[in-house]
>>> print(open('my_file20.cif').read())   # mmCIF, C-alpha atoms and all ligand atoms
data_entry
#
loop_
_atom_site.label_atom_id
_atom_site.label_comp_id
_atom_site.auth_asym_id
_atom_site.auth_seq_id
_atom_site.Cartn_x
_atom_site.Cartn_y
_atom_site.Cartn_z
CA MET O 1 -0.68 33.50 -17.72
CA THR O 2 0.11 31.50 -14.59
CA ALA O 3 2.86 32.45 -12.17
CA PRO O 4 5.89 30.10 -12.01
CA VAL O 5 5.88 27.66 -9.13
CA ASP O 6 8.80 27.18 -6.80
CA ILE O 7 9.32 23.71 -5.27
CA ARG O 8 11.19 23.40 -1.97
CA PHE O 9 11.26 21.54 1.32
CA LEU O 10 9.11 22.92 4.12
CA ASP O 11 11.58 23.63 6.92
CA ASP O 12 9.22 25.68 9.04
CA PRO O 13 6.47 23.95 11.08
CA ALA O 14 4.03 26.76 10.11
CA GLU O 15 4.64 25.90 6.43
CA ARG O 16 4.00 22.22 7.06
CA GLU O 17 0.75 23.19 8.79
CA ARG O 18 -0.30 25.20 5.72
CA ALA O 19 0.68 22.42 3.31
CA PHE O 20 -1.35 19.93 5.33
CA ALA O 21 -4.36 22.24 5.09
CA VAL O 22 -3.83 22.39 1.29
CA PHE O 23 -3.83 18.58 1.19
CA TRP O 24 -7.01 18.37 3.26
CA ARG O 25 -8.66 20.97 0.97
CA ALA O 26 -7.61 19.12 -2.18
CA MET O 27 -8.63 15.71 -0.89
CA VAL O 28 -12.40 16.11 -1.11
CA GLY O 29 -14.19 13.71 1.24
CA LEU O 30 -11.83 13.51 4.21
CA PRO O 31 -13.46 14.01 7.64
CA ALA O 32 -12.59 16.97 9.85
CA LEU O 33 -10.01 15.88 12.44
CA GLY O 34 -10.41 17.51 15.83
CA GLY O 35 -7.25 18.19 17.81
CA ALA O 36 -4.86 17.45 14.96
CA ARG O 37 -1.37 18.82 15.52
CA VAL O 38 0.33 18.59 12.16
CA GLU O 39 3.79 18.22 13.69
CA GLU O 40 2.66 14.87 15.17
CA LEU O 41 1.61 13.67 11.74
CA VAL O 42 4.57 14.57 9.55
CA GLU O 43 8.25 13.76 9.56
CA PRO O 44 10.58 16.78 9.38
CA GLY O 45 12.71 17.07 6.25
CA ARG O 46 10.45 15.11 3.90
CA TYR O 47 7.58 17.49 3.10
CA LEU O 48 7.86 19.30 -0.26
CA GLY O 49 5.76 22.35 -1.01
CA ALA O 50 4.90 24.13 -4.26
CA PHE O 51 4.85 27.92 -3.82
CA GLU O 52 3.21 30.53 -6.02
CA ARG O 53 3.99 34.11 -5.06
CA GLY O 54 4.90 32.91 -1.56
CA ALA O 55 1.69 30.92 -1.01
CA ILE O 56 1.63 27.12 -0.80
CA VAL O 57 -0.56 25.71 -3.58
CA GLY O 58 0.52 22.06 -3.49
CA GLY O 59 2.54 19.53 -1.54
CA ALA O 60 3.97 16.01 -1.48
CA ASN O 61 5.13 14.27 1.68
CA SER O 62 6.62 10.90 2.66
CA TYR O 63 7.59 8.79 5.66
CA THR O 64 10.79 6.85 6.26
CA SER O 65 9.67 3.23 6.02
CA TRP O 66 10.56 -0.33 5.08
CA LEU O 67 8.93 -2.75 2.68
CA VAL O 68 9.10 -6.55 2.94
CA VAL O 69 10.23 -8.09 -0.36
CA PRO O 70 10.01 -11.72 -1.56
CA GLY O 71 12.32 -13.80 0.62
CA GLY O 72 11.49 -11.78 3.76
CA GLY O 73 14.10 -9.00 3.55
CA ARG O 74 13.16 -5.40 4.34
CA VAL O 75 14.29 -2.66 1.95
CA ALA O 76 14.48 1.07 2.62
CA HIS O 77 11.17 2.47 1.43
CA ALA O 78 9.64 5.93 1.13
CA ALA O 79 5.93 5.86 1.98
CA VAL O 80 4.66 8.69 -0.23
CA THR O 81 1.57 10.50 1.02
CA HIS O 82 -0.22 13.85 1.51
CA ILE O 83 -0.13 14.70 -2.20
CA GLY O 84 -2.47 17.49 -3.16
CA VAL O 85 -2.74 20.57 -5.34
CA LEU O 86 -5.35 23.26 -4.68
CA PRO O 87 -8.35 22.85 -7.00
CA THR O 88 -7.62 26.35 -8.37
CA HIS O 89 -4.14 25.21 -9.50
CA THR O 90 -4.57 21.74 -11.00
CA ARG O 91 -3.39 20.64 -14.47
CA ARG O 92 -0.53 23.10 -14.65
CA GLY O 93 2.18 20.52 -14.05
CA ILE O 94 2.53 21.16 -10.30
CA LEU O 95 2.29 17.47 -9.34
CA THR O 96 4.66 16.61 -12.19
CA ALA O 97 7.25 18.98 -10.73
CA LEU O 98 6.66 17.77 -7.15
CA ALA O 99 6.81 14.06 -8.06
CA ALA O 100 10.07 14.45 -10.03
CA ARG O 101 11.71 16.38 -7.20
CA GLN O 102 10.43 13.92 -4.62
CA LEU O 103 11.74 10.87 -6.49
CA ASP O 104 15.09 12.56 -6.91
CA ASP O 105 15.23 13.20 -3.17
CA ILE O 106 14.19 9.62 -2.34
CA ALA O 107 16.96 8.32 -4.61
CA ARG O 108 19.46 10.69 -2.98
CA ARG O 109 18.52 9.29 0.46
CA GLY O 110 19.42 5.82 -0.80
CA GLU O 111 15.87 4.52 -0.47
CA VAL O 112 15.38 1.61 -2.82
CA VAL O 113 11.64 1.85 -3.44
CA ALA O 114 8.73 4.25 -2.97
CA SER O 115 5.06 3.41 -2.73
CA LEU O 116 1.74 5.15 -2.32
CA ARG O 117 -2.02 4.61 -2.26
CA ALA O 118 -3.67 6.31 -5.22
CA SER O 119 -6.85 8.36 -4.87
CA GLU O 120 -7.40 7.80 -8.62
CA GLY O 121 -5.95 5.19 -10.94
CA ALA O 122 -4.89 7.54 -13.74
CA ILE O 123 -2.44 9.71 -11.81
CA TYR O 124 0.79 7.88 -10.98
CA ARG O 125 1.82 5.52 -13.77
CA ARG O 126 3.49 8.37 -15.66
CA PHE O 127 5.90 8.76 -12.71
CA GLY O 128 6.88 5.07 -12.80
CA TYR O 129 4.47 3.67 -10.19
CA GLY O 130 2.70 0.38 -10.95
CA VAL O 131 0.09 -1.63 -9.05
CA ALA O 132 2.11 -4.17 -7.04
CA THR O 133 -0.42 -5.44 -4.50
CA THR O 134 -4.18 -5.85 -4.66
CA SER O 135 -6.56 -6.46 -1.77
CA SER O 136 -9.99 -8.02 -1.40
CA THR O 137 -12.90 -7.53 0.96
CA TYR O 138 -14.76 -10.68 2.06
CA ARG O 139 -18.22 -11.04 3.58
CA VAL O 140 -18.78 -14.10 5.72
CA ARG O 141 -22.34 -15.27 6.61
CA ARG O 142 -21.39 -16.11 10.14
CA ARG O 143 -24.23 -18.52 10.95
CA ARG O 144 -23.50 -20.66 7.86
CA ALA O 145 -19.75 -20.46 8.21
CA ALA O 146 -19.10 -23.25 10.70
CA PRO O 147 -15.36 -23.68 11.00
CA HIS O 148 -14.20 -27.11 9.84
CA ALA O 149 -13.38 -29.78 12.42
CA ALA O 150 -9.62 -29.25 12.60
CA PHE O 151 -10.11 -25.60 13.30
CA ASP O 152 -8.88 -24.71 16.78
CA HIS O 153 -9.86 -21.27 18.10
CA GLY O 154 -6.90 -20.99 20.48
CA PRO O 155 -6.69 -18.42 23.28
CA VAL O 156 -7.49 -14.80 22.48
CA GLU O 157 -7.55 -11.80 24.79
CA LEU O 158 -9.93 -8.82 24.77
CA LEU O 159 -7.64 -5.83 24.39
CA ASP O 160 -10.13 -2.98 24.10
CA SER O 161 -9.03 -0.66 26.88
CA ALA O 162 -5.45 -1.97 26.63
CA ALA O 163 -5.27 -1.55 22.86
CA SER O 164 -2.95 1.44 23.04
CA PRO O 165 -1.22 2.31 19.80
CA ASP O 166 2.09 1.33 21.43
CA ARG O 167 0.88 -2.18 22.18
CA LEU O 168 -0.56 -2.69 18.70
CA ALA O 169 2.50 -1.10 17.11
CA ALA O 170 4.75 -3.57 18.97
CA ILE O 171 2.69 -6.49 17.63
CA TYR O 172 2.59 -5.05 14.10
CA GLU O 173 6.35 -4.39 14.05
CA ARG O 174 7.02 -8.11 13.42
CA ALA O 175 5.20 -7.98 10.06
CA SER O 176 7.06 -10.24 7.64
CA TRP O 177 4.65 -10.97 4.79
CA THR O 178 5.66 -9.80 1.31
CA GLY O 179 4.30 -6.31 0.75
CA ALA O 180 4.11 -5.27 4.43
CA VAL O 181 5.28 -1.72 5.17
CA ALA O 182 6.28 0.12 8.35
CA ARG O 183 3.69 1.92 10.43
CA PRO O 184 5.63 4.86 11.91
CA PRO O 185 4.41 6.76 15.03
CA GLN O 186 2.88 9.44 12.80
CA TRP O 187 0.73 6.75 11.14
CA TRP O 188 -0.60 5.55 14.50
CA ARG O 189 -1.31 9.14 15.57
CA LEU O 190 -3.32 9.81 12.41
CA ARG O 191 -5.25 6.59 12.91
CA ALA O 192 -6.10 7.62 16.49
CA LEU O 193 -7.44 10.94 15.17
CA PHE O 194 -9.61 9.16 12.57
CA GLU O 195 -10.83 6.84 15.32
CA ALA O 196 -11.73 9.77 17.57
CA ALA O 197 -13.72 11.31 14.69
CA ASP O 198 -15.80 8.09 14.39
CA PRO O 199 -18.72 7.83 16.84
CA VAL O 200 -18.41 4.02 16.98
CA THR O 201 -15.50 2.80 19.09
CA PRO O 202 -13.68 -0.22 17.66
CA TYR O 203 -13.20 -3.50 19.53
CA THR O 204 -9.79 -5.13 19.58
CA VAL O 205 -8.94 -8.74 20.27
CA GLY O 206 -5.38 -9.97 20.64
CA HIS O 207 -3.39 -13.17 20.38
CA ALA O 208 0.26 -13.95 21.06
CA ASP O 209 0.79 -13.67 17.29
CA GLY O 210 -1.47 -10.81 16.23
CA TYR O 211 -4.62 -8.85 16.74
CA ALA O 212 -7.91 -8.00 15.01
CA ARG O 213 -9.78 -4.74 15.19
CA TYR O 214 -13.46 -4.50 14.27
CA ARG O 215 -16.47 -2.25 14.65
CA PRO O 216 -20.19 -2.77 14.13
CA LEU O 217 -21.72 -0.98 11.11
CA GLY O 218 -25.15 0.71 11.13
CA THR O 219 -25.45 0.82 14.91
CA ALA O 220 -28.46 3.21 14.82
CA ALA O 221 -30.71 0.31 13.71
CA TRP O 222 -28.50 -2.46 15.17
CA PHE O 223 -30.91 -4.25 17.55
CA ALA O 224 -33.84 -4.20 15.09
CA SER O 225 -31.69 -5.50 12.26
CA ASP O 226 -31.47 -9.07 10.98
CA GLU O 227 -28.30 -8.16 9.05
CA ARG O 228 -25.87 -7.06 11.74
CA VAL O 229 -22.45 -6.50 10.19
CA VAL O 230 -19.09 -6.12 11.89
CA LYS O 231 -16.27 -4.78 9.79
CA VAL O 232 -12.75 -6.06 10.48
CA ASP O 233 -10.40 -3.46 9.03
CA ASP O 234 -7.11 -4.50 10.63
CA LEU O 235 -6.20 -8.16 11.07
CA VAL O 236 -2.55 -8.84 11.80
CA ALA O 237 -1.49 -12.47 12.14
CA HIS O 238 2.14 -13.55 12.25
CA SER O 239 1.35 -17.27 12.34
CA ASP O 240 -1.30 -19.66 11.05
CA ASP O 241 -2.35 -20.35 14.65
CA GLY O 242 -2.85 -16.64 15.23
CA TYR O 243 -4.85 -16.30 12.01
CA ARG O 244 -7.14 -19.22 12.87
CA ALA O 245 -7.60 -18.10 16.46
CA LEU O 246 -8.51 -14.52 15.52
CA VAL O 247 -10.82 -15.43 12.63
CA GLY O 248 -12.35 -18.19 14.77
CA HIS O 249 -13.11 -15.68 17.47
CA LEU O 250 -14.74 -13.30 14.97
CA LEU O 251 -16.88 -16.07 13.50
CA GLY O 252 -18.06 -16.94 17.00
CA LEU O 253 -19.40 -13.47 17.87
CA ASP O 254 -22.98 -13.61 19.10
CA LEU O 255 -25.46 -11.07 17.66
CA VAL O 256 -23.51 -10.82 14.42
CA ASP O 257 -24.89 -12.01 11.05
CA VAL O 258 -22.09 -10.92 8.75
CA VAL O 259 -18.37 -10.53 9.36
CA GLU O 260 -16.81 -8.33 6.71
CA LEU O 261 -13.03 -8.55 6.46
CA GLY O 262 -10.99 -6.17 4.39
CA PRO O 263 -8.57 -5.24 3.14
CA ARG O 264 -7.21 -8.80 3.07
CA PRO O 265 -4.94 -10.63 0.61
CA VAL O 266 -6.64 -11.73 -2.61
CA ASP O 267 -5.60 -15.32 -1.76
CA ASP O 268 -6.73 -15.23 1.88
CA PRO O 269 -7.58 -18.82 2.93
CA LEU O 270 -10.95 -17.81 4.48
CA GLY O 271 -12.99 -19.96 2.08
CA HIS O 272 -11.01 -23.03 3.18
CA LEU O 273 -11.48 -22.30 6.86
CA VAL O 274 -15.21 -22.89 6.88
CA ASP O 275 -17.35 -25.95 6.19
CA ASP O 276 -19.60 -24.12 3.75
CA PRO O 277 -17.41 -22.21 1.28
CA ARG O 278 -20.50 -20.40 -0.06
CA SER O 279 -20.75 -18.59 3.26
CA VAL O 280 -17.75 -16.53 2.09
CA ALA O 281 -18.12 -14.04 -0.76
CA VAL O 282 -15.61 -11.63 -2.26
CA VAL O 283 -17.39 -8.29 -2.39
CA GLY O 284 -14.62 -6.13 -3.78
CA THR O 285 -11.06 -6.20 -5.06
CA ARG O 286 -8.95 -3.14 -5.63
CA ASP O 287 -5.44 -1.88 -6.19
CA GLU O 288 -3.55 -1.32 -2.96
CA THR O 289 0.22 -0.70 -3.27
CA TRP O 290 1.42 1.50 -6.13
CA LEU O 291 5.13 0.69 -6.11
CA ARG O 292 8.03 2.53 -7.72
CA LEU O 293 11.48 0.98 -7.94
CA VAL O 294 13.77 3.93 -7.23
CA ASP O 295 17.07 2.06 -7.49
CA VAL O 296 16.33 -0.79 -9.90
CA GLU O 297 19.64 -2.60 -9.43
CA ALA O 298 19.46 -2.52 -5.62
CA ALA O 299 15.78 -3.54 -5.65
CA LEU O 300 16.34 -6.48 -8.00
CA GLY O 301 19.28 -7.56 -5.85
CA ALA O 302 17.29 -7.35 -2.59
CA ARG O 303 14.60 -9.95 -3.32
CA ARG O 304 14.87 -13.72 -3.67
CA TYR O 305 14.14 -15.66 -6.85
CA ALA O 306 13.13 -19.26 -7.43
CA GLU O 307 15.52 -21.74 -9.06
CA ALA O 308 15.30 -21.12 -12.82
CA ARG O 309 17.58 -20.02 -15.67
CA PRO O 310 18.44 -16.27 -15.51
CA VAL O 311 16.77 -13.74 -17.82
CA VAL O 312 18.06 -10.46 -19.23
CA VAL O 313 15.59 -7.59 -18.98
CA GLU O 314 15.83 -4.12 -20.46
CA VAL O 315 14.24 -1.36 -18.37
CA ALA O 316 13.17 2.12 -19.52
CA ASP O 317 12.81 4.94 -16.98
CA SER O 318 12.12 8.46 -18.21
CA VAL O 319 11.99 10.05 -14.71
CA LEU O 320 15.04 8.49 -12.97
CA GLU O 321 17.07 7.95 -16.10
CA ARG O 322 20.03 6.29 -14.35
CA ASN O 323 17.80 3.21 -13.92
CA ALA O 324 17.53 2.70 -17.69
CA GLY O 325 19.54 -0.27 -18.91
CA ARG O 326 19.84 -4.03 -18.97
CA TYR O 327 19.84 -6.32 -15.97
CA ILE O 328 20.50 -10.01 -15.63
CA VAL O 329 18.27 -11.59 -13.00
CA GLY O 330 18.80 -15.10 -11.67
CA PRO O 331 18.62 -17.06 -8.41
CA ASP O 332 22.24 -16.18 -7.55
CA LYS O 333 22.50 -12.58 -8.65
CA ALA O 334 20.81 -9.56 -10.17
CA ALA O 335 23.16 -7.05 -11.79
CA ARG O 336 23.64 -4.78 -14.75
CA THR O 337 24.74 -6.49 -17.95
CA LYS O 338 25.59 -5.77 -21.57
CA ALA O 339 23.94 -9.01 -22.77
CA ALA O 340 21.13 -8.89 -25.34
CA PRO O 341 17.71 -8.29 -23.72
CA GLU O 342 15.15 -11.10 -23.68
CA LEU O 343 12.36 -8.94 -22.23
CA SER O 344 11.82 -5.16 -22.31
CA LEU O 345 9.49 -3.02 -20.21
CA ASP O 346 9.26 0.27 -18.37
CA VAL O 347 9.90 0.78 -14.68
CA ALA O 348 6.17 0.97 -13.80
CA ALA O 349 5.62 -2.49 -15.32
CA LEU O 350 8.68 -3.87 -13.55
CA SER O 351 7.38 -2.40 -10.28
CA SER O 352 4.09 -4.31 -10.78
CA LEU O 353 6.05 -7.55 -11.17
CA TYR O 354 8.54 -7.00 -8.37
CA LEU O 355 6.56 -8.37 -5.40
CA GLY O 356 5.03 -11.22 -7.42
CA GLY O 357 1.59 -9.65 -7.77
CA ALA O 358 1.53 -9.57 -11.59
CA THR O 359 3.08 -12.09 -13.97
CA TRP O 360 5.37 -11.47 -16.93
CA ARG O 361 2.94 -13.36 -19.15
CA GLN O 362 0.10 -11.05 -18.14
CA LEU O 363 2.18 -7.98 -18.96
CA VAL O 364 3.40 -9.39 -22.28
CA ARG O 365 -0.20 -10.18 -23.26
CA ALA O 366 -1.28 -6.69 -22.24
CA GLY O 367 1.52 -5.09 -24.29
CA ARG O 368 3.22 -3.67 -21.17
CA ALA O 369 6.29 -5.88 -21.67
CA VAL O 370 7.87 -7.12 -24.89
CA GLU O 371 9.23 -10.64 -25.21
CA ARG O 372 12.32 -10.54 -27.45
CA GLU O 373 13.28 -14.19 -26.97
CA ALA O 374 10.59 -16.89 -27.23
CA GLY O 375 9.88 -18.47 -23.84
CA ALA O 376 11.53 -15.68 -21.83
CA ALA O 377 8.28 -14.64 -20.10
CA VAL O 378 7.63 -18.19 -18.87
CA ARG O 379 11.21 -18.39 -17.58
CA ALA O 380 10.91 -14.99 -15.89
CA ASP O 381 7.65 -16.09 -14.26
CA ALA O 382 9.37 -19.16 -12.84
CA LEU O 383 12.09 -16.93 -11.37
CA PHE O 384 9.76 -14.27 -9.95
CA ALA O 385 7.15 -16.75 -8.58
CA THR O 386 6.48 -16.27 -4.88
CA GLY O 387 3.80 -18.82 -4.00
CA SER O 388 1.43 -16.32 -2.44
CA GLN O 389 0.05 -12.96 -3.41
CA PRO O 390 1.72 -9.88 -1.91
CA PHE O 391 -0.36 -7.72 0.41
CA ALA O 392 0.26 -4.60 2.49
CA GLY O 393 -2.78 -4.16 4.76
CA THR O 394 -1.74 -0.62 5.67
CA ASN O 395 -3.34 2.44 4.20
CA PHE O 396 -1.44 5.73 4.38
C1 LIG J 401 -3.97 14.52 -8.31
C2 LIG J 401 -3.43 15.94 -8.29
C3 LIG J 401 -2.38 16.04 -7.18
C4 LIG J 401 -2.79 16.22 -9.65
O1 LIG J 401 -2.11 17.45 -9.59
P1 LIG J 401 -1.88 18.36 -10.91
O2 LIG J 401 -0.90 19.42 -10.50
O3 LIG J 401 -3.16 18.74 -11.49
O4 LIG J 401 -1.14 17.32 -11.87
P2 LIG J 401 -0.33 17.71 -13.20
O5 LIG J 401 -0.83 18.99 -13.75
O6 LIG J 401 1.14 17.64 -12.91
O7 LIG J 401 -0.75 16.50 -14.13
C5 LIG J 401 0.15 15.76 -14.89
C6 LIG J 401 -0.60 14.85 -15.80
O8 LIG J 401 -1.39 13.93 -15.03
C7 LIG J 401 -2.78 14.02 -15.42
N1 LIG J 401 -3.57 13.93 -14.20
C8 LIG J 401 -3.34 14.53 -13.03
N2 LIG J 401 -4.31 14.23 -12.14
C9 LIG J 401 -5.16 13.41 -12.78
C10 LIG J 401 -6.36 12.77 -12.40
N3 LIG J 401 -6.88 12.93 -11.16
N4 LIG J 401 -7.00 12.00 -13.31
C11 LIG J 401 -6.49 11.86 -14.56
N5 LIG J 401 -5.34 12.46 -14.98
C12 LIG J 401 -4.69 13.23 -14.09
C13 LIG J 401 -2.91 15.40 -16.04
O9 LIG J 401 -3.99 15.48 -16.91
C14 LIG J 401 -1.58 15.59 -16.72
O10 LIG J 401 -1.61 14.86 -17.94
P3 LIG J 401 -0.91 15.45 -19.25
O11 LIG J 401 0.54 15.58 -18.89
O12 LIG J 401 -1.19 14.38 -20.26
O13 LIG J 401 -1.56 16.75 -19.52
C15 LIG J 401 -4.53 16.98 -8.04
O14 LIG J 401 -5.50 16.83 -9.05
C16 LIG J 401 -5.21 16.85 -6.70
O15 LIG J 401 -4.76 17.42 -5.72
N6 LIG J 401 -6.32 16.07 -6.64
C17 LIG J 401 -7.12 15.92 -5.43
C18 LIG J 401 -6.35 15.27 -4.30
C19 LIG J 401 -5.76 13.95 -4.69
O16 LIG J 401 -6.41 13.12 -5.32
N7 LIG J 401 -4.49 13.75 -4.31
C20 LIG J 401 -3.78 12.52 -4.59
C21 LIG J 401 -3.80 11.68 -3.37
S1 LIG J 401 -3.14 10.07 -3.69
#
>>> encode(input="my_file20.cif", output="structure tokens")
Amino acid sequence: MTAPVDIRFLDDPAERERAFAVFWRAMVGLPALGGARVEELVEPGRYLGAFERGAIVGGANSYTSWLVVPGGGRVAHAAVTHIGVLPTHTRRGILTALAARQLDDIARRGEVVASLRASEGAIYRRFGYGVATTSSTYRVRRRRAAPHAAFDHGPVELLDSAASPDRLAAIYERASWTGAVARPPQWWRLRALFEAADPVTPYTVGHADGYARYRPLGTAAWFASDERVVKVDDLVAHSDDGYRALVGHLLGLDLVDVVELGPRPVDDPLGHLVDDPRSVAVVGTRDETWLRLVDVEAALGARRYAEARPVVVEVADSVLERNAGRYIVGPDKAARTKAAPELSLDVAALSSLYLGGATWRQLVRAGRAVEREAGAAVRADALFATGSQPFAGTNF
């Protein structure tokens, strides 16, 4: 017999502290963070706890955020995080109860979408989340990767001692690529704590339109090595000039044999930037944003579509049932309709399509969407096409 679990918001800072400790205990592999004050890392009013006989055994948190959708608009977004259940209490439905309550709350707040980063791929689909952005890691053999002739490095500035979170946050705040999400103050604080826990200090280089942060890997054997790698884990570029200037600077670093960049978009133009495209290799690709449309009608209405004939889609949603129904989607409007459906799918599949990361044809072939009218998937792909792959670039 297991005791019933009570789910409620954590109003007391001491409870949030305990829930955070539960998350850190559940999340095997996280480093110890010295000097962490939980109140700096969480937003009041959003942390849900699962209680058994008065003790917290699980939790689910979120941040108030925005997400950039195709066309450049920002929609209200809940950045879901700090999900964990004590290893003594798993597989009793505690996450199921937390996730349902959390989605209900997010809907009540009027937030249009939620997203998260998944520790494991098998957890979140059942709650309506689908993979909406994917990222790649690239390795560039710096000495072979001569930039092509038209490639202008442009002025960059060494920011190291000036790279305060406030300065970087102000640069990041202009993010406008599809899939970008907010980085709230709590996110920057947590990153500073992770940074402090790492013995190797990162270097930061800035440009009027962005910045890049990198650190050398394997510094213990650095000067004896003929494979010196720097890892670029945060590259923000609001313009093509900024992108070329920052990457150009990185490819010009003396001492360095390999520049590893990631996460980056799966269609990053790196291979076209260099004279020898074989100097650039993709060394990994993985799911990034798990997106959940919370208000399907508002979400469909918030993004832009290409010029093509409208389609009628039928959506199933077993968690937020009010989303279930038919929608007509076209370049001029997206709204509920009573018309006969041409395509049917569940909300997780629709969430994968929403930012333009997956195609309708892929999902029909995979059996995740059903085409009820011949040619509807091709038409839907024309409407949903975005021209470039969505990407977040922010882990949380
Ligand atoms: C992931 C986690 C929160 C799941 O909590 P839980 O309370 O055990 O989940 P539930 O009991 O509600 O599981 C619901 C369903 O999801 C499945 N599921 C849950 N976690 C799973 C996992 N890691 N892998 C595969 N299936 C999983 C369960 O088997 C169950 O399926 P069923 O309904 O067919 O029986 C918990 O295992 C945990 O804290 N893991 C370590 C920390 C972590 O990974 N957190 C997530 C960070 S993104």
>>> residues_around(input="my_file20.cif", residues="region 191-194 of chain O", least_positions_apart="4", cutoff="12 Å", atoms="all atoms listed in the file", output="PyMOL selection string")
chain O and resi 30-38+40-41+163-166+168-169+183-187+198-202+233-234+394-396
>>> atom_distance(input="my_file20.cif", atom1="CA of Ala100 (chain O)", atom2="CA of Val319 (chain O)")
6.7 Å
>>> residues_near_point(input="my_file20.cif", point="(10.9, 0.5, -16.9)", cutoff="12 Å", atoms="all atoms listed in the file", output="mmCIF file with C-alpha atoms, keeping the file's coordinate frame")
data_model
loop_
_atom_site.group_PDB
_atom_site.id
_atom_site.type_symbol
_atom_site.label_atom_id
_atom_site.label_comp_id
_atom_site.auth_asym_id
_atom_site.auth_seq_id
_atom_site.Cartn_x
_atom_site.Cartn_y
_atom_site.Cartn_z
ATOM 1 C CA ARG O 125 1.820 5.520 -13.770
ATOM 2 C CA ARG O 126 3.490 8.370 -15.660
ATOM 3 C CA PHE O 127 5.900 8.760 -12.710
ATOM 4 C CA GLY O 128 6.880 5.070 -12.800
ATOM 5 C CA TYR O 129 4.470 3.670 -10.190
ATOM 6 C CA GLY O 130 2.700 0.380 -10.950
ATOM 7 C CA ARG O 292 8.030 2.530 -7.720
ATOM 8 C CA LEU O 293 11.480 0.980 -7.940
ATOM 9 C CA VAL O 294 13.770 3.930 -7.230
ATOM 10 C CA ASP O 295 17.070 2.060 -7.490
ATOM 11 C CA VAL O 296 16.330 -0.790 -9.900
ATOM 12 C CA GLU O 297 19.640 -2.600 -9.430
ATOM 13 C CA VAL O 313 15.590 -7.590 -18.980
ATOM 14 C CA GLU O 314 15.830 -4.120 -20.460
ATOM 15 C CA VAL O 315 14.240 -1.360 -18.370
ATOM 16 C CA ALA O 316 13.170 2.120 -19.520
ATOM 17 C CA ASP O 317 12.810 4.940 -16.980
ATOM 18 C CA SER O 318 12.120 8.460 -18.210
ATOM 19 C CA VAL O 319 11.990 10.050 -14.710
ATOM 20 C CA LEU O 320 15.040 8.490 -12.970
ATOM 21 C CA GLU O 321 17.070 7.950 -16.100
ATOM 22 C CA ARG O 322 20.030 6.290 -14.350
ATOM 23 C CA ASN O 323 17.800 3.210 -13.920
ATOM 24 C CA ALA O 324 17.530 2.700 -17.690
ATOM 25 C CA GLY O 325 19.540 -0.270 -18.910
ATOM 26 C CA ARG O 326 19.840 -4.030 -18.970
ATOM 27 C CA TYR O 327 19.840 -6.320 -15.970
ATOM 28 C CA LEU O 343 12.360 -8.940 -22.230
ATOM 29 C CA SER O 344 11.820 -5.160 -22.310
ATOM 30 C CA LEU O 345 9.490 -3.020 -20.210
ATOM 31 C CA ASP O 346 9.260 0.270 -18.370
ATOM 32 C CA VAL O 347 9.900 0.780 -14.680
ATOM 33 C CA ALA O 348 6.170 0.970 -13.800
ATOM 34 C CA ALA O 349 5.620 -2.490 -15.320
ATOM 35 C CA LEU O 350 8.680 -3.870 -13.550
ATOM 36 C CA SER O 351 7.380 -2.400 -10.280
ATOM 37 C CA SER O 352 4.090 -4.310 -10.780
ATOM 38 C CA LEU O 353 6.050 -7.550 -11.170
ATOM 39 C CA TYR O 354 8.540 -7.000 -8.370
ATOM 40 C CA ARG O 368 3.220 -3.670 -21.170
ATOM 41 C CA ALA O 369 6.290 -5.880 -21.670
ATOM 42 C CA VAL O 370 7.870 -7.120 -24.890
#
>>> residues_around(input="my_file20.cif", residues="Tyr214 (chain O)", least_positions_apart="5", cutoff="7 Å", atoms="only C-alpha atoms", output="list in words")
Pro202, Tyr203, Thr204, Val230, Lys231, Val232 and Asp233 of chain O
>>> atom_distance(input="my_file20.cif", atom1="CA of Arg174 (chain O)", atom2="CA of Asp241 (chain O)")
15.5 Å
>>> residues_near_ligand(input="my_file20.cif", ligand="ligand LIG 401 (chain J)", cutoff="8 Å", atoms="only C-alpha atoms and all ligand atoms", output="ChimeraX atom specification")
/O:23,26-28,58,81-87,89-98,116-124,126
>>> atom_distance(input="my_file20.cif", atom1="CA of Gly242 (chain O)", atom2="CA of Asp209 (chain O)")
5.1 Å
>>> closest_residue(input="my_file20.cif", among="O:Ala335, O:Ala299, O:Val5, O:Ala180", to="Val112 (chain O)", atoms="all atoms listed in the file")
O:Ala299
>>> closest_residue(input="my_file20.cif", among="O:Val280, O:Val75, O:Ala50, O:Leu159", to="Arg101 (chain O)", atoms="only C-alpha atoms")
O:Ala50
>>> closest_residue(input="my_file20.cif", among="O:Ala170, O:Ala146, O:Leu255, O:Leu291", to="Val80 (chain O)", atoms="only C-alpha atoms")
O:Leu291
>>> residues_near_point(input="my_file20.cif", point="(5.3, -19.7, -15.5)", cutoff="12 Å", atoms="all atoms listed in the file", output="PyMOL selection string")
chain O and resi 306+308+356+358-362+375-387
>>> closest_residue(input="my_file20.cif", among="O:Asp267, O:Glu307, O:Asp6, O:Asp11", to="Thr133 (chain O)", atoms="all atoms listed in the file")
O:Asp267
>>> closest_residue(input="my_file20.cif", among="O:Ala340, O:Val140, O:Leu217, O:Leu251", to="Gly271 (chain O)", atoms="all atoms listed in the file")
O:Val140
>>> closest_residue(input="my_file20.cif", among="O:Gly179, O:Gly206, O:Gly252, O:Gly262", to="Trp290 (chain O)", atoms="all atoms listed in the file")
O:Gly179
>>> residues_around(input="my_file20.cif", residues="Gly154 (chain O)", least_positions_apart="4", cutoff="9 Å", atoms="only C-alpha atoms", output="MDAnalysis selection string")
chainID O and resid 207 241:242 244:246 248:249
